[in-house]
file run37.cif (mmCIF, C-alpha atoms and all ligand atoms)
data_query
#
loop_
_atom_site.group_PDB
_atom_site.id
_atom_site.type_symbol
_atom_site.label_atom_id
_atom_site.label_comp_id
_atom_site.auth_asym_id
_atom_site.auth_seq_id
_atom_site.Cartn_x
_atom_site.Cartn_y
_atom_site.Cartn_z
ATOM 1 C CA MET A 1 0.000 0.000 0.000
ATOM 2 C CA LYS A 2 1.107 3.554 -0.784
ATOM 3 C CA CYS A 3 1.057 6.407 1.727
ATOM 4 C CA ARG A 4 -1.854 8.670 0.676
ATOM 5 C CA LEU A 5 0.325 11.676 1.437
ATOM 6 C CA CYS A 6 3.938 11.123 0.364
ATOM 7 C CA GLY A 7 3.390 8.138 -1.956
ATOM 8 C CA CYS A 8 6.054 6.060 -0.181
ATOM 9 C CA GLU A 9 5.317 2.347 -0.492
ATOM 10 C CA ASP A 10 5.048 -0.252 2.311
ATOM 11 C CA ASN A 11 6.936 1.747 4.896
ATOM 12 C CA PHE A 12 4.409 1.597 7.707
ATOM 13 C CA ASP A 13 4.052 0.695 11.357
ATOM 14 C CA SER A 14 0.625 -0.877 11.817
ATOM 15 C CA LEU A 15 -1.484 -0.471 14.958
ATOM 16 C CA LYS A 16 -4.936 -1.548 16.143
ATOM 17 C CA VAL A 17 -7.044 1.222 17.651
ATOM 18 C CA LYS A 18 -10.386 0.955 19.495
ATOM 19 C CA GLU A 19 -13.278 3.416 19.325
ATOM 20 C CA LEU A 20 -13.286 4.804 22.861
ATOM 21 C CA GLU A 21 -14.982 8.191 22.626
ATOM 22 C CA MET A 22 -18.517 6.870 22.445
ATOM 23 C CA GLY A 23 -17.400 3.521 23.867
ATOM 24 C CA PHE A 24 -18.255 1.187 20.930
ATOM 25 C CA ARG A 25 -14.814 -0.446 21.333
ATOM 26 C CA ASP A 26 -14.846 -1.479 17.618
ATOM 27 C CA GLU A 27 -11.286 -1.989 16.374
ATOM 28 C CA PHE A 28 -9.606 -0.302 13.384
ATOM 29 C CA THR A 29 -6.191 -0.599 11.759
ATOM 30 C CA TYR A 30 -4.093 2.550 11.398
ATOM 31 C CA LEU A 31 -0.843 2.868 9.458
ATOM 32 C CA PHE A 32 1.955 5.205 10.484
ATOM 33 C CA CYS A 33 4.126 6.211 7.517
ATOM 34 C CA LYS A 34 7.733 6.061 8.666
ATOM 35 C CA SER A 35 8.691 8.277 5.760
ATOM 36 C CA CYS A 36 6.455 11.352 6.283
ATOM 37 C CA GLY A 37 5.052 10.724 9.786
ATOM 38 C CA THR A 38 1.414 10.678 8.633
ATOM 39 C CA LEU A 39 -0.962 8.378 10.449
ATOM 40 C CA GLN A 40 -3.859 7.097 8.336
ATOM 41 C CA ILE A 41 -6.730 4.675 8.748
ATOM 42 C CA LYS A 42 -6.129 1.607 6.575
ATOM 43 C CA HIS A 43 -9.734 1.266 5.348
ATOM 44 C CA ILE A 44 -12.346 3.998 5.694
ATOM 45 C CA PRO A 45 -15.396 2.222 7.202
ATOM 46 C CA GLU A 46 -18.492 2.216 4.985
ATOM 47 C CA ASN A 47 -20.755 2.854 7.972
ATOM 48 C CA LEU A 48 -18.841 5.937 9.138
ATOM 49 C CA SER A 49 -22.064 7.830 9.965
ATOM 50 C CA ARG A 50 -22.651 5.328 12.817
ATOM 51 C CA TYR A 51 -19.743 7.037 14.595
ATOM 52 C CA TYR A 52 -21.223 10.517 14.174
ATOM 53 C CA SER A 53 -24.676 9.680 15.497
ATOM 54 C CA GLY A 54 -26.360 10.540 18.782
ATOM 55 C CA GLY A 55 -24.007 12.110 21.253
ATOM 56 C CA TYR A 56 -21.289 13.229 18.863
ATOM 57 C CA TYR A 57 -20.395 16.625 20.270
ATOM 58 C CA SER A 58 -20.442 18.737 17.105
ATOM 59 C CA PHE A 59 -24.142 18.181 16.713
ATOM 60 C CA TYR A 60 -25.374 18.994 20.211
ATOM 61 C CA SER A 61 -27.878 21.863 20.114
ATOM 62 C CA ASN A 62 -26.448 25.040 21.582
ATOM 63 C CA LYS A 63 -29.386 26.880 23.142
ATOM 64 C CA ARG A 64 -28.487 29.672 25.584
ATOM 65 C CA ASN A 65 -30.397 32.289 27.524
ATOM 66 C CA THR A 66 -30.103 36.028 26.785
ATOM 67 C CA LEU A 67 -27.737 36.857 29.639
ATOM 68 C CA LYS A 68 -25.325 34.094 28.646
ATOM 69 C CA THR A 69 -25.486 35.290 25.025
ATOM 70 C CA ILE A 70 -24.554 38.851 26.074
ATOM 71 C CA ALA A 71 -21.733 37.640 28.346
ATOM 72 C CA ARG A 72 -20.411 35.452 25.556
ATOM 73 C CA LYS A 73 -20.542 38.344 23.079
ATOM 74 C CA LEU A 74 -18.451 40.551 25.407
ATOM 75 C CA LYS A 75 -15.979 37.784 26.080
ATOM 76 C CA ASP A 76 -15.672 36.691 22.441
ATOM 77 C CA SER A 77 -15.245 40.285 21.214
ATOM 78 C CA TYR A 78 -12.399 40.698 23.676
ATOM 79 C CA THR A 79 -10.763 37.402 22.629
ATOM 80 C CA LEU A 80 -10.806 38.580 19.014
ATOM 81 C CA ASP A 81 -9.745 42.159 19.572
ATOM 82 C CA GLN A 82 -8.161 43.333 22.809
ATOM 83 C CA ARG A 83 -8.021 46.903 21.519
ATOM 84 C CA PHE A 84 -11.734 47.349 22.246
ATOM 85 C CA LEU A 85 -12.491 49.212 25.449
ATOM 86 C CA ASN A 86 -14.319 46.157 26.677
ATOM 87 C CA PHE A 87 -13.595 45.948 30.408
ATOM 88 C CA LEU A 88 -16.316 43.415 31.135
ATOM 89 C CA GLY A 89 -15.060 41.181 28.312
ATOM 90 C CA ASN A 90 -11.562 41.448 29.705
ATOM 91 C CA ILE A 91 -12.743 40.350 33.156
ATOM 92 C CA LEU A 92 -14.862 37.510 31.729
ATOM 93 C CA CYS A 93 -11.843 36.245 29.791
ATOM 94 C CA LYS A 94 -9.687 36.363 32.905
ATOM 95 C CA ILE A 95 -12.098 34.367 35.058
ATOM 96 C CA SER A 96 -12.996 31.716 32.477
ATOM 97 C CA ALA A 97 -10.993 28.476 32.605
ATOM 98 C CA PHE A 98 -9.904 28.470 28.961
ATOM 99 C CA PRO A 99 -9.974 31.088 26.245
ATOM 100 C CA ASN A 100 -11.857 29.830 23.198
ATOM 101 C CA ALA A 101 -9.193 28.213 21.009
ATOM 102 C CA GLN A 102 -11.212 28.713 17.801
ATOM 103 C CA LEU A 103 -11.459 32.457 18.361
ATOM 104 C CA LEU A 104 -7.811 32.683 19.417
ATOM 105 C CA ALA A 105 -6.891 31.186 16.033
ATOM 106 C CA ILE A 106 -9.112 33.715 14.213
ATOM 107 C CA ASN A 107 -7.435 36.403 16.298
ATOM 108 C CA TYR A 108 -4.228 35.790 14.285
ATOM 109 C CA VAL A 109 -5.909 36.988 11.078
ATOM 110 C CA TYR A 110 -8.364 39.401 12.699
ATOM 111 C CA ASP A 111 -6.513 42.480 11.432
ATOM 112 C CA LYS A 112 -7.241 41.374 7.868
ATOM 113 C CA LEU A 113 -10.978 40.885 8.466
ATOM 114 C CA THR A 114 -13.981 43.204 8.618
ATOM 115 C CA LEU A 115 -17.480 42.379 9.815
ATOM 116 C CA GLN A 116 -18.389 42.038 6.109
ATOM 117 C CA SER A 117 -15.689 39.413 5.394
ATOM 118 C CA ASN A 118 -16.831 36.163 3.796
ATOM 119 C CA ILE A 119 -16.066 33.288 6.153
ATOM 120 C CA LEU A 120 -16.521 29.554 5.578
ATOM 121 C CA ASP A 121 -16.328 26.944 8.356
ATOM 122 C CA VAL A 122 -15.688 23.453 6.971
ATOM 123 C CA GLY A 123 -17.068 20.683 9.193
ATOM 124 C CA CYS A 124 -19.252 23.264 10.925
ATOM 125 C CA GLY A 125 -21.439 20.809 12.901
ATOM 126 C CA ASN A 126 -24.451 22.716 14.244
ATOM 127 C CA GLY A 127 -22.835 26.075 13.391
ATOM 128 C CA ALA A 128 -21.851 26.896 16.988
ATOM 129 C CA LEU A 129 -18.681 28.813 16.071
ATOM 130 C CA LEU A 130 -20.352 30.681 13.197
ATOM 131 C CA SER A 131 -23.163 31.664 15.562
ATOM 132 C CA ARG A 132 -20.597 33.088 17.994
ATOM 133 C CA LEU A 133 -19.141 35.134 15.131
ATOM 134 C CA ALA A 134 -22.661 36.273 14.149
ATOM 135 C CA ASN A 135 -23.206 37.280 17.768
ATOM 136 C CA ILE A 136 -20.107 39.500 17.557
ATOM 137 C CA GLY A 137 -21.436 41.111 14.371
ATOM 138 C CA PHE A 138 -19.968 39.208 11.390
ATOM 139 C CA LYS A 139 -22.446 39.248 8.500
ATOM 140 C CA SER A 140 -21.369 36.733 5.858
ATOM 141 C CA LEU A 141 -21.014 33.334 7.508
ATOM 142 C CA GLU A 142 -21.375 29.936 5.914
ATOM 143 C CA GLY A 143 -20.639 26.361 6.904
ATOM 144 C CA VAL A 144 -20.472 23.022 5.115
ATOM 145 C CA ASP A 145 -20.739 19.615 6.765
ATOM 146 C CA PRO A 146 -21.693 16.363 5.040
ATOM 147 C CA PHE A 147 -23.001 14.963 8.338
ATOM 148 C CA LEU A 148 -25.702 17.664 8.779
ATOM 149 C CA SER A 149 -29.261 16.321 8.528
ATOM 150 C CA GLN A 150 -30.194 19.032 5.955
ATOM 151 C CA ASP A 151 -29.346 22.563 4.729
ATOM 152 C CA LYS A 152 -30.270 25.206 7.330
ATOM 153 C CA ILE A 153 -30.446 28.978 7.592
ATOM 154 C CA LEU A 154 -30.198 29.926 11.263
ATOM 155 C CA LYS A 155 -32.098 32.892 12.756
ATOM 156 C CA ASN A 156 -28.851 34.885 12.960
ATOM 157 C CA GLY A 157 -28.368 34.553 9.180
ATOM 158 C CA VAL A 158 -25.705 31.822 9.308
ATOM 159 C CA ARG A 159 -26.088 29.460 6.328
ATOM 160 C CA LEU A 160 -25.242 25.778 6.791
ATOM 161 C CA TYR A 161 -25.042 23.380 3.866
ATOM 162 C CA LYS A 162 -25.116 19.595 3.993
ATOM 163 C CA LYS A 163 -22.277 18.849 1.582
ATOM 164 C CA SER A 164 -18.589 18.251 1.098
ATOM 165 C CA ILE A 165 -16.400 21.296 0.476
ATOM 166 C CA LEU A 166 -15.571 19.678 -2.894
ATOM 167 C CA ASP A 167 -19.202 20.198 -3.973
ATOM 168 C CA HIS A 168 -19.358 23.789 -2.697
ATOM 169 C CA LYS A 169 -19.603 26.597 -5.250
ATOM 170 C CA ARG A 170 -19.618 30.333 -4.709
ATOM 171 C CA GLU A 171 -19.322 33.387 -6.940
ATOM 172 C CA GLU A 172 -17.702 35.625 -4.352
ATOM 173 C CA PHE A 173 -14.369 34.520 -2.886
ATOM 174 C CA TYR A 174 -13.788 33.910 0.815
ATOM 175 C CA ASP A 175 -11.533 35.970 3.080
ATOM 176 C CA LEU A 176 -11.204 33.093 5.516
ATOM 177 C CA ILE A 177 -11.787 29.339 5.316
ATOM 178 C CA MET A 178 -11.433 27.412 8.557
ATOM 179 C CA PHE A 179 -11.175 23.802 9.641
ATOM 180 C CA HIS A 180 -11.439 23.496 13.412
ATOM 181 C CA HIS A 181 -10.744 19.841 14.096
ATOM 182 C CA SER A 182 -12.428 18.778 10.881
ATOM 183 C CA PHE A 183 -9.479 18.385 8.482
ATOM 184 C CA GLU A 184 -8.474 15.076 10.059
ATOM 185 C CA HIS A 185 -12.053 13.833 9.545
ATOM 186 C CA LEU A 186 -12.072 14.359 5.779
ATOM 187 C CA THR A 187 -12.674 11.246 3.713
ATOM 188 C CA GLU A 188 -11.868 13.189 0.537
ATOM 189 C CA ASN A 189 -8.337 13.340 -0.873
ATOM 190 C CA PRO A 190 -6.578 16.071 1.184
ATOM 191 C CA PHE A 191 -4.784 17.419 -1.916
ATOM 192 C CA ASP A 192 -8.160 17.895 -3.659
ATOM 193 C CA VAL A 193 -9.510 19.616 -0.553
ATOM 194 C CA LEU A 194 -6.667 22.139 -0.291
ATOM 195 C CA LYS A 195 -6.816 22.777 -4.056
ATOM 196 C CA LYS A 196 -10.526 23.503 -3.610
ATOM 197 C CA VAL A 197 -9.752 25.830 -0.689
ATOM 198 C CA TYR A 198 -7.222 27.593 -2.931
ATOM 199 C CA SER A 199 -9.875 28.110 -5.617
ATOM 200 C CA LEU A 200 -12.430 29.464 -3.116
ATOM 201 C CA LEU A 201 -10.083 31.906 -1.348
ATOM 202 C CA LYS A 202 -9.293 35.500 -2.249
ATOM 203 C CA LYS A 203 -5.727 36.148 -3.353
ATOM 204 C CA ASP A 204 -4.829 37.462 0.108
ATOM 205 C CA GLY A 205 -7.234 35.208 2.008
ATOM 206 C CA PHE A 206 -6.303 32.880 4.859
ATOM 207 C CA CYS A 207 -6.952 29.273 5.737
ATOM 208 C CA ILE A 208 -6.865 28.149 9.365
ATOM 209 C CA ILE A 209 -6.492 24.445 10.126
ATOM 210 C CA ARG A 210 -6.589 23.253 13.732
ATOM 211 C CA MET A 211 -5.989 19.508 14.098
ATOM 212 C CA PRO A 212 -4.097 16.840 16.032
ATOM 213 C CA THR A 213 -0.514 16.158 14.994
ATOM 214 C CA THR A 214 1.840 13.201 15.289
ATOM 215 C CA SER A 215 4.721 15.659 15.874
ATOM 216 C CA SER A 216 3.868 15.456 19.542
ATOM 217 C CA TYR A 217 4.728 13.993 22.902
ATOM 218 C CA ALA A 218 1.211 12.515 23.285
ATOM 219 C CA TRP A 219 1.424 10.451 20.066
ATOM 220 C CA GLU A 220 4.915 9.208 20.934
ATOM 221 C CA GLU A 221 3.892 8.392 24.510
ATOM 222 C CA TYR A 222 0.411 6.891 24.081
ATOM 223 C CA ARG A 223 0.387 5.470 20.529
ATOM 224 C CA GLU A 224 -2.893 3.450 20.136
ATOM 225 C CA SER A 225 -4.248 4.942 23.369
ATOM 226 C CA TRP A 226 -3.745 8.517 22.151
ATOM 227 C CA VAL A 227 -7.078 10.369 22.226
ATOM 228 C CA GLY A 228 -5.996 12.313 19.124
ATOM 229 C CA LEU A 229 -6.646 9.198 17.059
ATOM 230 C CA GLN A 230 -10.411 9.153 17.654
ATOM 231 C CA ALA A 231 -10.806 5.961 15.629
ATOM 232 C CA PRO A 232 -12.448 5.707 13.175
ATOM 233 C CA ARG A 233 -13.488 9.371 12.738
ATOM 234 C CA HIS A 234 -9.938 10.601 12.177
ATOM 235 C CA ILE A 235 -8.921 9.502 8.698
ATOM 236 C CA ALA A 236 -5.447 11.074 8.538
ATOM 237 C CA ILE A 237 -3.281 12.798 11.136
ATOM 238 C CA TYR A 238 -0.262 14.708 9.892
ATOM 239 C CA SER A 239 3.172 15.373 11.228
ATOM 240 C CA ILE A 240 4.449 18.909 10.669
ATOM 241 C CA ARG A 241 6.673 17.602 7.878
ATOM 242 C CA GLY A 242 3.807 15.676 6.270
ATOM 243 C CA PHE A 243 1.597 18.744 6.359
ATOM 244 C CA GLU A 244 4.368 20.846 4.803
ATOM 245 C CA ILE A 245 4.350 18.447 1.817
ATOM 246 C CA LEU A 246 0.584 18.854 1.505
ATOM 247 C CA ALA A 247 0.677 22.662 1.759
ATOM 248 C CA CYS A 248 3.606 23.012 -0.631
ATOM 249 C CA LYS A 249 2.044 20.797 -3.320
ATOM 250 C CA THR A 250 -1.209 22.767 -3.206
ATOM 251 C CA ASN A 251 0.500 26.168 -3.482
ATOM 252 C CA PHE A 252 0.068 27.305 0.098
ATOM 253 C CA GLU A 253 2.685 28.607 2.437
ATOM 254 C CA ILE A 254 2.488 28.077 6.184
ATOM 255 C CA GLU A 255 2.481 31.615 7.562
ATOM 256 C CA LYS A 256 2.589 30.415 11.139
ATOM 257 C CA PHE A 257 1.878 27.434 13.331
ATOM 258 C CA TYR A 258 1.461 27.066 17.060
ATOM 259 C CA PHE A 259 0.184 24.472 19.525
ATOM 260 C CA ASP A 260 -3.070 24.737 21.467
ATOM 261 C CA SER A 261 -3.326 21.458 23.382
ATOM 262 C CA THR A 262 -4.883 21.296 26.821
ATOM 263 C CA HIS A 263 -4.808 18.759 29.650
ATOM 264 C CA PHE A 264 -7.719 17.039 27.855
ATOM 265 C CA SER A 265 -5.368 15.047 25.591
ATOM 266 C CA LEU A 266 -3.201 13.860 28.455
ATOM 267 C CA VAL A 267 -6.042 12.973 30.823
ATOM 268 C CA ALA A 268 -8.165 11.279 28.131
ATOM 269 C CA SER A 269 -5.179 9.307 26.778
ATOM 270 C CA GLU A 270 -4.278 8.123 30.303
ATOM 271 C CA GLN A 271 -7.910 7.002 30.661
ATOM 272 C CA TYR A 272 -7.843 5.208 27.276
ATOM 273 C CA LYS A 273 -4.668 3.409 28.344
ATOM 274 C CA LYS A 274 -6.702 2.012 31.244
ATOM 275 C CA GLY A 275 -9.675 1.200 28.963
ATOM 276 C CA ILE A 276 -11.925 4.011 30.260
ATOM 277 C CA PRO A 277 -13.997 5.573 27.417
ATOM 278 C CA LEU A 278 -14.523 9.334 27.326
ATOM 279 C CA ASN A 279 -18.237 9.043 28.188
ATOM 280 C CA HIS A 280 -17.768 6.425 30.955
ATOM 281 C CA ARG A 281 -19.140 7.200 34.432
ATOM 282 C CA ASN A 282 -15.592 7.151 35.829
ATOM 283 C CA SER A 283 -14.275 9.493 33.156
ATOM 284 C CA PHE A 284 -12.951 12.814 34.476
ATOM 285 C CA PHE A 285 -14.979 14.556 31.747
ATOM 286 C CA VAL A 286 -18.253 12.953 32.921
ATOM 287 C CA ASN A 287 -17.807 12.882 36.669
ATOM 288 C CA PRO A 288 -14.606 14.474 38.049
ATOM 289 C CA LYS A 289 -15.412 13.147 41.542
ATOM 290 C CA LYS A 290 -15.311 9.535 40.332
ATOM 291 C CA SER A 291 -12.179 10.106 38.266
ATOM 292 C CA ILE A 292 -9.096 7.957 38.772
ATOM 293 C CA PHE A 293 -7.142 11.231 39.032
ATOM 294 C CA SER A 294 -6.854 13.501 42.052
ATOM 295 C CA LYS A 295 -7.248 17.276 41.750
ATOM 296 C CA GLU A 296 -3.473 17.597 42.113
ATOM 297 C CA ALA A 297 -2.865 15.140 39.278
ATOM 298 C CA ILE A 298 -5.203 17.158 37.004
ATOM 299 C CA LYS A 299 -3.330 20.352 37.928
ATOM 300 C CA ASP A 300 -0.084 18.646 36.924
ATOM 301 C CA PHE A 301 -1.583 17.605 33.570
ATOM 302 C CA LYS A 302 -2.610 21.236 32.982
ATOM 303 C CA LYS A 303 0.931 22.450 33.674
ATOM 304 C CA LYS A 304 2.384 19.719 31.491
ATOM 305 C CA ALA A 305 0.092 20.637 28.563
ATOM 306 C CA ILE A 306 1.244 24.273 28.689
ATOM 307 C CA LYS A 307 4.875 23.187 28.833
ATOM 308 C CA LEU A 308 4.446 20.835 25.856
ATOM 309 C CA ASN A 309 2.822 23.611 23.792
ATOM 310 C CA ASN A 310 5.685 25.954 24.617
ATOM 311 C CA ASN A 311 8.227 23.293 23.606
ATOM 312 C CA ASN A 312 6.424 22.647 20.265
ATOM 313 C CA LYS A 313 5.457 19.138 21.408
ATOM 314 C CA GLY A 314 1.720 19.681 22.025
ATOM 315 C CA ASP A 315 -0.575 17.273 20.179
ATOM 316 C CA MET A 316 -2.996 19.874 18.829
ATOM 317 C CA ILE A 317 -1.640 22.285 16.241
ATOM 318 C CA CYS A 318 -2.986 25.369 14.496
ATOM 319 C CA MET A 319 -1.729 26.016 10.959
ATOM 320 C CA ILE A 320 -2.300 29.402 9.357
ATOM 321 C CA LEU A 321 -1.967 29.195 5.587
ATOM 322 C CA ARG A 322 -1.939 31.750 2.827
ATOM 323 C CA LYS A 323 -1.622 31.415 -0.918
ATOM 324 C CA LYS A 324 1.949 31.476 -2.242
ATOM 325 C CA GLN A 325 2.445 34.983 -3.590
HETATM 326 ZN ZN ZN A 401 4.009 9.106 3.927
#

call {"tool": "encode", "arguments": {"input": "run37.cif", "output": "structure tokens"}}
result
Amino acid sequence: MKCRLCGCEDNFDSLKVKELEMGFRDEFTYLFCKSCGTLQIKHIPENLSRYYSGGYYSFYSNKRNTLKTIARKLKDSYTLDQRFLNFLGNILCKISAFPNAQLLAINYVYDKLTLQSNILDVGCGNGALLSRLANIGFKSLEGVDPFLSQDKILKNGVRLYKKSILDHKREEFYDLIMFHHSFEHLTENPFDVLKKVYSLLKKDGFCIIRMPTTSSYAWEEYRESWVGLQAPRHIAIYSIRGFEILACKTNFEIEKFYFDSTHFSLVASEQYKKGIPLNHRNSFFVNPKKSIFSKEAIKDFKKKAIKLNNNNKGDMICMILRKKQ
């Protein structure tokens, strides 16, 4: 078999990985290309939608009351643009546990955007992020996701389409196309996807891709128990070098990359190693009191995650791409 990314033949480590997010425990084979560091599922399951049904988090409804919506607007505006005289937003950001990683990524290109910018979210789920942007005041927001039940226009004007990005057409070009933990889910050829992104973007537009990476401590440490694998939903996970090949061959340059992992990866992978699914009653993320970890241990994982990000060994990476000029 050839690596879908670098084309190198039969140079793989093979590993068996169980579905442990929803707790099906079905087993899948993944291949790690020793040449480019890309991890890929050997066969894409035909019944993939089974693993996106029910409790899959991207499709939870996101109803909120008015006060929460206002608080979120203040906080999100501040995350995107600290120049605003938004004292309440500043305070809300300081007291919340984590800044929103999606908005922090958009913050890197915020200077180049206006509220009229055309923005596309690929793998948009229920449109939660686009709705946050609408709440801040952005006007032209669209999402595509093949796992949506149908096309939808939300009350805030956000348009969601049930389709693959490869089938998406638009007369006006986008200023920003984003993949927040959706790129690794794509069943389409990643070269075709980035070529499509290239054709949909303005000349000076940006593409943001946040995804897991094998250039990380967590992959090296946990291997088949690494939560970043999310078998079988993650089809391909790239190393930095592997992703550079992909970007270069599709005429993009990587303007910047940084790591935005949290303790989640470390805690969840430790749980997987012990056979505890993410949604299990003893999972820290379901019931912290019944967790196998003490409060102190969780604090240590939080510190470790920050340290790994700072040392470029975090397992979640954010790539900011622009067209080669
Ligand atoms: Zn390869």

call {"tool": "closest_residue", "arguments": {"input": "run37.cif", "among": "A:Leu229, A:Ile240, A:Ala105, A:Ala218", "to": "ligand ZN 401 (chain A)", "atoms": "all atoms listed in the file"}}
result
A:Ile240

call {"tool": "closest_residue", "arguments": {"input": "run37.cif", "among": "A:Leu201, A:Leu115, A:Cys124, A:Ile235", "to": "A:Lys152", "atoms": "all atoms listed in the file"}}
result
A:Cys124

call {"tool": "closest_atom_pairs", "arguments": {"input": "run37.cif", "of": "chain A", "to": "ligand ZN 401 (chain A)", "cutoff": "10 Å", "atoms": "all atoms listed in the file", "output": "CSV"}}
result
residue,atom,partner,partner_atom,distance
A:Lys2,CA,A:ZN401,ZN,7.8
A:Cys3,CA,A:ZN401,ZN,4.6
A:Arg4,CA,A:ZN401,ZN,6.7
A:Leu5,CA,A:ZN401,ZN,5.1
A:Cys6,CA,A:ZN401,ZN,4.1
A:Gly7,CA,A:ZN401,ZN,6.0
A:Cys8,CA,A:ZN401,ZN,5.5
A:Glu9,CA,A:ZN401,ZN,8.2
A:Asp10,CA,A:ZN401,ZN,9.6
A:Asn11,CA,A:ZN401,ZN,8.0
A:Phe12,CA,A:ZN401,ZN,8.4
A:Leu31,CA,A:ZN401,ZN,9.6
A:Phe32,CA,A:ZN401,ZN,7.9
A:Cys33,CA,A:ZN401,ZN,4.6
A:Lys34,CA,A:ZN401,ZN,6.8
A:Ser35,CA,A:ZN401,ZN,5.1
A:Cys36,CA,A:ZN401,ZN,4.1
A:Gly37,CA,A:ZN401,ZN,6.2
A:Thr38,CA,A:ZN401,ZN,5.6
A:Leu39,CA,A:ZN401,ZN,8.2
A:Gln40,CA,A:ZN401,ZN,9.2
A:Tyr238,CA,A:ZN401,ZN,9.2
A:Ser239,CA,A:ZN401,ZN,9.7
A:Arg241,CA,A:ZN401,ZN,9.7
A:Gly242,CA,A:ZN401,ZN,7.0
A:Ile245,CA,A:ZN401,ZN,9.6

call {"tool": "write_last_selection", "arguments": {"input": "run37.cif", "atoms": "C-alpha atoms", "output": "PDB file, in the frame of the given file"}}
result
ATOM      1  CA  LYS A   2       1.107   3.554  -0.784  1.00  0.00           C
ATOM      2  CA  CYS A   3       1.057   6.407   1.727  1.00  0.00           C
ATOM      3  CA  ARG A   4      -1.854   8.670   0.676  1.00  0.00           C
ATOM      4  CA  LEU A   5       0.325  11.676   1.437  1.00  0.00           C
ATOM      5  CA  CYS A   6       3.938  11.123   0.364  1.00  0.00           C
ATOM      6  CA  GLY A   7       3.390   8.138  -1.956  1.00  0.00           C
ATOM      7  CA  CYS A   8       6.054   6.060  -0.181  1.00  0.00           C
ATOM      8  CA  GLU A   9       5.317   2.347  -0.492  1.00  0.00           C
ATOM      9  CA  ASP A  10       5.048  -0.252   2.311  1.00  0.00           C
ATOM     10  CA  ASN A  11       6.936   1.747   4.896  1.00  0.00           C
ATOM     11  CA  PHE A  12       4.409   1.597   7.707  1.00  0.00           C
ATOM     12  CA  LEU A  31      -0.843   2.868   9.458  1.00  0.00           C
ATOM     13  CA  PHE A  32       1.955   5.205  10.484  1.00  0.00           C
ATOM     14  CA  CYS A  33       4.126   6.211   7.517  1.00  0.00           C
ATOM     15  CA  LYS A  34       7.733   6.061   8.666  1.00  0.00           C
ATOM     16  CA  SER A  35       8.691   8.277   5.760  1.00  0.00           C
ATOM     17  CA  CYS A  36       6.455  11.352   6.283  1.00  0.00           C
ATOM     18  CA  GLY A  37       5.052  10.724   9.786  1.00  0.00           C
ATOM     19  CA  THR A  38       1.414  10.678   8.633  1.00  0.00           C
ATOM     20  CA  LEU A  39      -0.962   8.378  10.449  1.00  0.00           C
ATOM     21  CA  GLN A  40      -3.859   7.097   8.336  1.00  0.00           C
ATOM     22  CA  TYR A 238      -0.262  14.708   9.892  1.00  0.00           C
ATOM     23  CA  SER A 239       3.172  15.373  11.228  1.00  0.00           C
ATOM     24  CA  ARG A 241       6.673  17.602   7.878  1.00  0.00           C
ATOM     25  CA  GLY A 242       3.807  15.676   6.270  1.00  0.00           C
ATOM     26  CA  ILE A 245       4.350  18.447   1.817  1.00  0.00           C
TER      27      ILE A 245
END

call {"tool": "closest_residue", "arguments": {"input": "run37.cif", "among": "A:Trp226, A:Phe179, A:Phe24, A:Tyr52", "to": "A:Gln102", "atoms": "all atoms listed in the file"}}
result
A:Phe179

call {"tool": "atom_distance", "arguments": {"input": "run37.cif", "atom1": "atom CA of A:Leu130", "atom2": "atom CA of A:Met178"}}
result
10.6 Å

call {"tool": "residues_around", "arguments": {"input": "run37.cif", "residues": "A:Glu221", "least_positions_apart": "4", "cutoff": "12 Å", "atoms": "only C-alpha atoms", "output": "NGL selection string"}}
result
:A and (214-217 or 225-228 or 265-266 or 269-270 or 273 or 313-315)

call {"tool": "atom_distance", "arguments": {"input": "run37.cif", "atom1": "atom CA of A:Ser77", "atom2": "atom CA of A:Ile136"}}
result
6.1 Å

call {"tool": "atom_distance", "arguments": {"input": "run37.cif", "atom1": "atom CA of A:Arg132", "atom2": "atom CA of A:Leu67"}}
result
14.2 Å

call {"tool": "resolve_selection", "arguments": {"input": "run37.cif", "expression": "the PyMOL selection byres (((chain A and resi 28) around 12) and not hetatm)", "output": "ChimeraX atom specification"}}
result
/A:14-20,24-27,29-31,40-45,48,224,229-235

call {"tool": "closest_residue", "arguments": {"input": "run37.cif", "among": "A:Leu120, A:Ala305, A:Ala236, A:Leu113", "to": "A:Asp204", "atoms": "all atoms listed in the file"}}
result
A:Leu113

call {"tool": "resolve_selection", "arguments": {"input": "run37.cif", "expression": "the PyMOL selection byres (((chain A and resi 125) around 12) and not hetatm)", "output": "count of residues only"}}
result
39

call {"tool": "closest_residue", "arguments": {"input": "run37.cif", "among": "A:Ser199, A:Asn251, A:Asn287, A:Ser294", "to": "A:Lys323", "atoms": "all atoms listed in the file"}}
result
A:Asn251

call {"tool": "resolve_selection", "arguments": {"input": "run37.cif", "expression": "the PyMOL selection byres (((chain A and resi 114) around 10) and not hetatm)", "output": "PDB file with C-alpha atoms, in the coordinates of the input"}}
result
ATOM      1  CA  TYR A 110      -8.364  39.401  12.699  1.00  0.00           C
ATOM      2  CA  ASP A 111      -6.513  42.480  11.432  1.00  0.00           C
ATOM      3  CA  LYS A 112      -7.241  41.374   7.868  1.00  0.00           C
ATOM      4  CA  LEU A 113     -10.978  40.885   8.466  1.00  0.00           C
ATOM      5  CA  LEU A 115     -17.480  42.379   9.815  1.00  0.00           C
ATOM      6  CA  GLN A 116     -18.389  42.038   6.109  1.00  0.00           C
ATOM      7  CA  SER A 117     -15.689  39.413   5.394  1.00  0.00           C
ATOM      8  CA  ASN A 118     -16.831  36.163   3.796  1.00  0.00           C
ATOM      9  CA  GLY A 137     -21.436  41.111  14.371  1.00  0.00           C
ATOM     10  CA  PHE A 138     -19.968  39.208  11.390  1.00  0.00           C
ATOM     11  CA  LYS A 139     -22.446  39.248   8.500  1.00  0.00           C
ATOM     12  CA  ASP A 175     -11.533  35.970   3.080  1.00  0.00           C
TER      13      ASP A 175
END
